Amino acid sequence: MVSDRIRRETELLPQLHGQECARAYSNFAGILALNFGTLHPFVTQGRDGPRDTLKADYTLFIQCAWRLESPAQMLVGMYDSDEHINQRTRVLVGSRVRATRVEPPGYTTKITFDNDHSIWLFPCEAVDFLPDEDVEYPRTPWFVIGVKVADVGSK
């Protein structure tokens with residue numbers, strides 16, 4: 001059974017339609033992040049004190065298996081090095097989301113960009129994706145946050 005949180009995140013994906021990718025990167029935790037729209041200056045509290053960062057209109061965090069494809073080949077996937085991921089995902093910067101498709105029952109997801117590249121997301125049903133206490137960063141296969149995210153569905 002799919003949690004309400006995963007359903008909510010699935011309902012948020014269409015908000016990315018037409019949004020331009022401003023930045024793509026893999027962080028230290030192995031999560032792929034795609035920023036869309038305007039990047040806003042933001043100060044966050046780190047272990048060593050305040051830190052300047054950017055917060056996007058929309059950010060798609062992907063914390064499940066994924067791969068990036070061009071029309072002709074697979075370019076990069078989650079098990080590649082961060083350096084390789086950060087290099088290859090730059091192809092998305094400046095392109096806009098053309099479509100999103102989620103396939104039940106496993107919630108395999110395809111996000112297609114106007115430069116004909118696509119990211120496939122492969123949630124793992126064996127992992128417990130129940131929401132935790134951290135509402136901003138839930139434990140789901142992917143999630144969308146940002147300053148312009150409209151709330152949909154149940155929480």
# chains A, B, ... in the order shown; residues from 1 in each chain; ligands from 1

$ residues_around --residues "region 90-97 of chain A" --least-positions-apart "5" --cutoff "8 Å" --atoms "only C-alpha atoms" --output "list in words"
Leu16, His17, Gly18, Gln19, Glu20, Cys21, Ala22, Arg23, Ala24, Ile111, Thr112, Phe113, Asp114, Asn115 and His117 of chain A

$ write_last_selection --atoms "all heavy atoms" --output "short mmCIF file (atom, residue, chain, number, x, y, z; two decimals), in the first residue's frame"
data_model
loop_
_atom_site.label_atom_id
_atom_site.label_comp_id
_atom_site.auth_asym_id
_atom_site.auth_seq_id
_atom_site.Cartn_x
_atom_site.Cartn_y
_atom_site.Cartn_z
N LEU A 16 5.93 21.00 -11.84
CA LEU A 16 7.22 21.21 -12.52
C LEU A 16 7.06 21.46 -14.02
O LEU A 16 7.99 21.94 -14.67
CB LEU A 16 8.14 20.01 -12.30
CG LEU A 16 8.51 19.71 -10.85
CD1 LEU A 16 9.39 18.47 -10.79
CD2 LEU A 16 9.17 20.90 -10.19
N HIS A 17 5.88 21.13 -14.59
CA HIS A 17 5.68 21.31 -16.03
C HIS A 17 5.95 22.76 -16.43
O HIS A 17 5.42 23.69 -15.84
CB HIS A 17 4.26 20.92 -16.44
CG HIS A 17 3.98 19.47 -16.29
ND1 HIS A 17 2.81 18.88 -16.69
CD2 HIS A 17 4.72 18.46 -15.77
CE1 HIS A 17 2.84 17.59 -16.43
NE2 HIS A 17 3.99 17.31 -15.86
N GLY A 18 6.80 22.93 -17.44
CA GLY A 18 7.13 24.26 -17.95
C GLY A 18 8.23 24.96 -17.16
O GLY A 18 8.70 26.02 -17.59
N GLN A 19 8.66 24.39 -16.05
CA GLN A 19 9.70 25.02 -15.24
C GLN A 19 11.08 24.75 -15.83
O GLN A 19 11.37 23.65 -16.26
CB GLN A 19 9.64 24.51 -13.80
CG GLN A 19 8.37 24.88 -13.07
CD GLN A 19 8.22 26.40 -12.93
OE1 GLN A 19 9.18 27.11 -12.65
NE2 GLN A 19 7.00 26.88 -13.14
N GLU A 20 11.93 25.77 -15.81
CA GLU A 20 13.30 25.65 -16.33
C GLU A 20 14.24 25.17 -15.23
O GLU A 20 14.22 25.68 -14.11
CB GLU A 20 13.78 27.00 -16.84
CG GLU A 20 15.16 26.94 -17.46
CD GLU A 20 15.59 28.27 -18.05
OE1 GLU A 20 14.74 28.99 -18.60
OE2 GLU A 20 16.79 28.58 -17.94
N CYS A 21 15.06 24.20 -15.57
CA CYS A 21 16.05 23.68 -14.64
C CYS A 21 17.17 24.71 -14.50
O CYS A 21 17.81 25.07 -15.48
CB CYS A 21 16.61 22.34 -15.13
SG CYS A 21 17.78 21.59 -13.97
N ALA A 22 17.38 25.18 -13.27
CA ALA A 22 18.40 26.19 -13.00
C ALA A 22 19.70 25.59 -12.50
O ALA A 22 20.77 26.17 -12.68
CB ALA A 22 17.87 27.19 -11.97
N ARG A 23 19.62 24.41 -11.88
CA ARG A 23 20.81 23.76 -11.32
C ARG A 23 20.50 22.29 -11.11
O ARG A 23 19.39 21.92 -10.75
CB ARG A 23 21.16 24.44 -10.00
CG ARG A 23 22.42 23.94 -9.35
CD ARG A 23 22.83 24.80 -8.18
NE ARG A 23 21.84 24.78 -7.11
CZ ARG A 23 22.06 25.16 -5.87
NH1 ARG A 23 23.24 25.63 -5.53
NH2 ARG A 23 21.12 25.11 -4.97
N ALA A 24 21.50 21.44 -11.33
CA ALA A 24 21.38 20.00 -11.09
C ALA A 24 22.66 19.55 -10.39
O ALA A 24 23.76 19.88 -10.84
CB ALA A 24 21.21 19.25 -12.41
N ILE A 111 10.41 11.78 -16.17
CA ILE A 111 10.34 13.23 -16.29
C ILE A 111 11.06 13.59 -17.59
O ILE A 111 12.24 13.31 -17.74
CB ILE A 111 10.98 13.93 -15.09
CG1 ILE A 111 10.28 13.49 -13.80
CG2 ILE A 111 10.94 15.45 -15.26
CD1 ILE A 111 10.99 13.90 -12.54
N THR A 112 10.32 14.18 -18.53
CA THR A 112 10.86 14.49 -19.85
C THR A 112 11.07 15.99 -19.97
O THR A 112 10.20 16.78 -19.58
CB THR A 112 9.91 14.00 -20.95
OG1 THR A 112 9.65 12.61 -20.76
CG2 THR A 112 10.50 14.22 -22.33
N PHE A 113 12.22 16.37 -20.53
CA PHE A 113 12.59 17.78 -20.70
C PHE A 113 12.46 18.17 -22.17
O PHE A 113 12.46 17.32 -23.05
CB PHE A 113 14.02 18.00 -20.20
CG PHE A 113 14.15 17.84 -18.72
CD1 PHE A 113 14.27 16.58 -18.16
CD2 PHE A 113 14.13 18.94 -17.88
CE1 PHE A 113 14.37 16.41 -16.78
CE2 PHE A 113 14.24 18.79 -16.50
CZ PHE A 113 14.36 17.52 -15.96
N ASP A 114 12.39 19.48 -22.43
CA ASP A 114 12.20 19.95 -23.80
C ASP A 114 13.44 19.77 -24.67
O ASP A 114 13.38 19.97 -25.88
CB ASP A 114 11.70 21.39 -23.85
CG ASP A 114 12.66 22.42 -23.29
OD1 ASP A 114 13.79 22.05 -22.87
OD2 ASP A 114 12.28 23.61 -23.24
N ASN A 115 14.57 19.34 -24.10
CA ASN A 115 15.75 19.01 -24.90
C ASN A 115 15.80 17.51 -25.21
O ASN A 115 16.83 16.99 -25.60
CB ASN A 115 17.04 19.47 -24.22
CG ASN A 115 17.32 18.76 -22.91
OD1 ASN A 115 16.53 17.93 -22.45
ND2 ASN A 115 18.44 19.08 -22.30
N HIS A 117 15.80 14.98 -23.25
CA HIS A 117 16.42 14.13 -22.23
C HIS A 117 15.35 13.76 -21.21
O HIS A 117 14.38 14.50 -21.02
CB HIS A 117 17.56 14.87 -21.54
CG HIS A 117 18.77 14.99 -22.41
ND1 HIS A 117 18.83 15.88 -23.47
CD2 HIS A 117 19.95 14.35 -22.38
CE1 HIS A 117 20.01 15.76 -24.06
NE2 HIS A 117 20.71 14.84 -23.42
#

$ select_by_dssp --residues "region 16-125 of chain A" --states "helix (DSSP H, G or I)" --output "list in words"
Leu16, Asp82, Glu83, His84, Ile85, Asn86, Gln87, Arg88, Thr89, Arg90, Val91 and Leu92 of chain A

$ write_last_selection --atoms "N, CA and C atoms" --output "PDB file, in the first residue's frame"
ATOM      1  N   LEU A  16       5.935  21.004 -11.844  1.00  0.00           N
ATOM      2  CA  LEU A  16       7.215  21.215 -12.524  1.00  0.00           C
ATOM      3  C   LEU A  16       7.056  21.458 -14.023  1.00  0.00           C
ATOM      4  N   ASP A  82      29.831  11.141  -7.833  1.00  0.00           N
ATOM      5  CA  ASP A  82      29.239  12.477  -7.766  1.00  0.00           C
ATOM      6  C   ASP A  82      29.820  13.381  -8.844  1.00  0.00           C
ATOM      7  N   GLU A  83      31.110  13.277  -9.088  1.00  0.00           N
ATOM      8  CA  GLU A  83      31.755  14.092 -10.113  1.00  0.00           C
ATOM      9  C   GLU A  83      31.134  13.818 -11.490  1.00  0.00           C
ATOM     10  N   HIS A  84      30.954  12.550 -11.819  1.00  0.00           N
ATOM     11  CA  HIS A  84      30.353  12.167 -13.107  1.00  0.00           C
ATOM     12  C   HIS A  84      28.895  12.626 -13.162  1.00  0.00           C
ATOM     13  N   ILE A  85      28.170  12.433 -12.069  1.00  0.00           N
ATOM     14  CA  ILE A  85      26.767  12.863 -12.030  1.00  0.00           C
ATOM     15  C   ILE A  85      26.672  14.370 -12.233  1.00  0.00           C
ATOM     16  N   ASN A  86      27.463  15.132 -11.487  1.00  0.00           N
ATOM     17  CA  ASN A  86      27.399  16.589 -11.589  1.00  0.00           C
ATOM     18  C   ASN A  86      27.779  17.085 -12.978  1.00  0.00           C
ATOM     19  N   GLN A  87      28.709  16.390 -13.629  1.00  0.00           N
ATOM     20  CA  GLN A  87      29.108  16.760 -14.992  1.00  0.00           C
ATOM     21  C   GLN A  87      27.990  16.447 -15.987  1.00  0.00           C
ATOM     22  N   ARG A  88      27.452  15.238 -15.935  1.00  0.00           N
ATOM     23  CA  ARG A  88      26.467  14.796 -16.935  1.00  0.00           C
ATOM     24  C   ARG A  88      25.085  15.429 -16.764  1.00  0.00           C
ATOM     25  N   THR A  89      24.687  15.748 -15.533  1.00  0.00           N
ATOM     26  CA  THR A  89      23.349  16.319 -15.336  1.00  0.00           C
ATOM     27  C   THR A  89      23.271  17.783 -15.751  1.00  0.00           C
ATOM     28  N   ARG A  90      24.422  18.408 -16.033  1.00  0.00           N
ATOM     29  CA  ARG A  90      24.416  19.810 -16.504  1.00  0.00           C
ATOM     30  C   ARG A  90      23.629  19.968 -17.797  1.00  0.00           C
ATOM     31  N   VAL A  91      23.464  18.884 -18.543  1.00  0.00           N
ATOM     32  CA  VAL A  91      22.715  18.937 -19.801  1.00  0.00           C
ATOM     33  C   VAL A  91      21.265  19.376 -19.573  1.00  0.00           C
ATOM     34  N   LEU A  92      20.786  19.230 -18.335  1.00  0.00           N
ATOM     35  CA  LEU A  92      19.408  19.618 -18.020  1.00  0.00           C
ATOM     36  C   LEU A  92      19.260  21.110 -17.739  1.00  0.00           C
TER      37      LEU A  92
END

$ select_by_dssp --residues "chain A" --states "strand (DSSP E or B)" --output "number ranges by chain"
A: 17, 20-26, 32-46, 49-62, 65-69, 74-77, 96-103, 108-113, 118-122, 142-145

$ closest_residue --among "A:Pro123, A:Pro104, A:Gly77, A:Gly46" --to "Gln63 (chain A)" --atoms "only C-alpha atoms"
A:Pro123

$ closest_residue --among "A:Lys110, A:Arg8, A:His40, A:Arg67" --to "Leu54 (chain A)" --atoms "only C-alpha atoms"
A:His40

$ residues_around --residues "Gly30 (chain A)" --least-positions-apart "5" --cutoff "10 Å" --atoms "only C-alpha atoms" --output "VMD selection string"
chain A and resid 25 62 to 64 78 to 82

$ closest_residue --among "A:Ala72, A:Lys55, A:Leu13, A:Ala29" --to "Pro41 (chain A)" --atoms "only C-alpha atoms"
A:Lys55

$ atom_distance --atom1 "CA of Ile119 (chain A)" --atom2 "CA of Arg101 (chain A)"
10.7 Å

$ atom_distance --atom1 "CA of Thr59 (chain A)" --atom2 "CA of Val144 (chain A)"
5.5 Å

$ closest_residue --among "A:Ser118, A:Gln15, A:Asn27, A:Thr109" --to "Phe61 (chain A)" --atoms "only C-alpha atoms"
A:Asn27

$ atom_distance --atom1 "CA of Ala56 (chain A)" --atom2 "CA of Cys124 (chain A)"
27.1 Å

$ closest_residue --among "A:Ile31, A:Leu121, A:Leu39, A:Val102" --to "Leu68 (chain A)" --atoms "only C-alpha atoms"
A:Leu121

$ residues_around --residues "Val43 (chain A)" --least-positions-apart "5" --cutoff "7 Å" --atoms "only C-alpha atoms" --output "ChimeraX atom specification"
/A:50-53
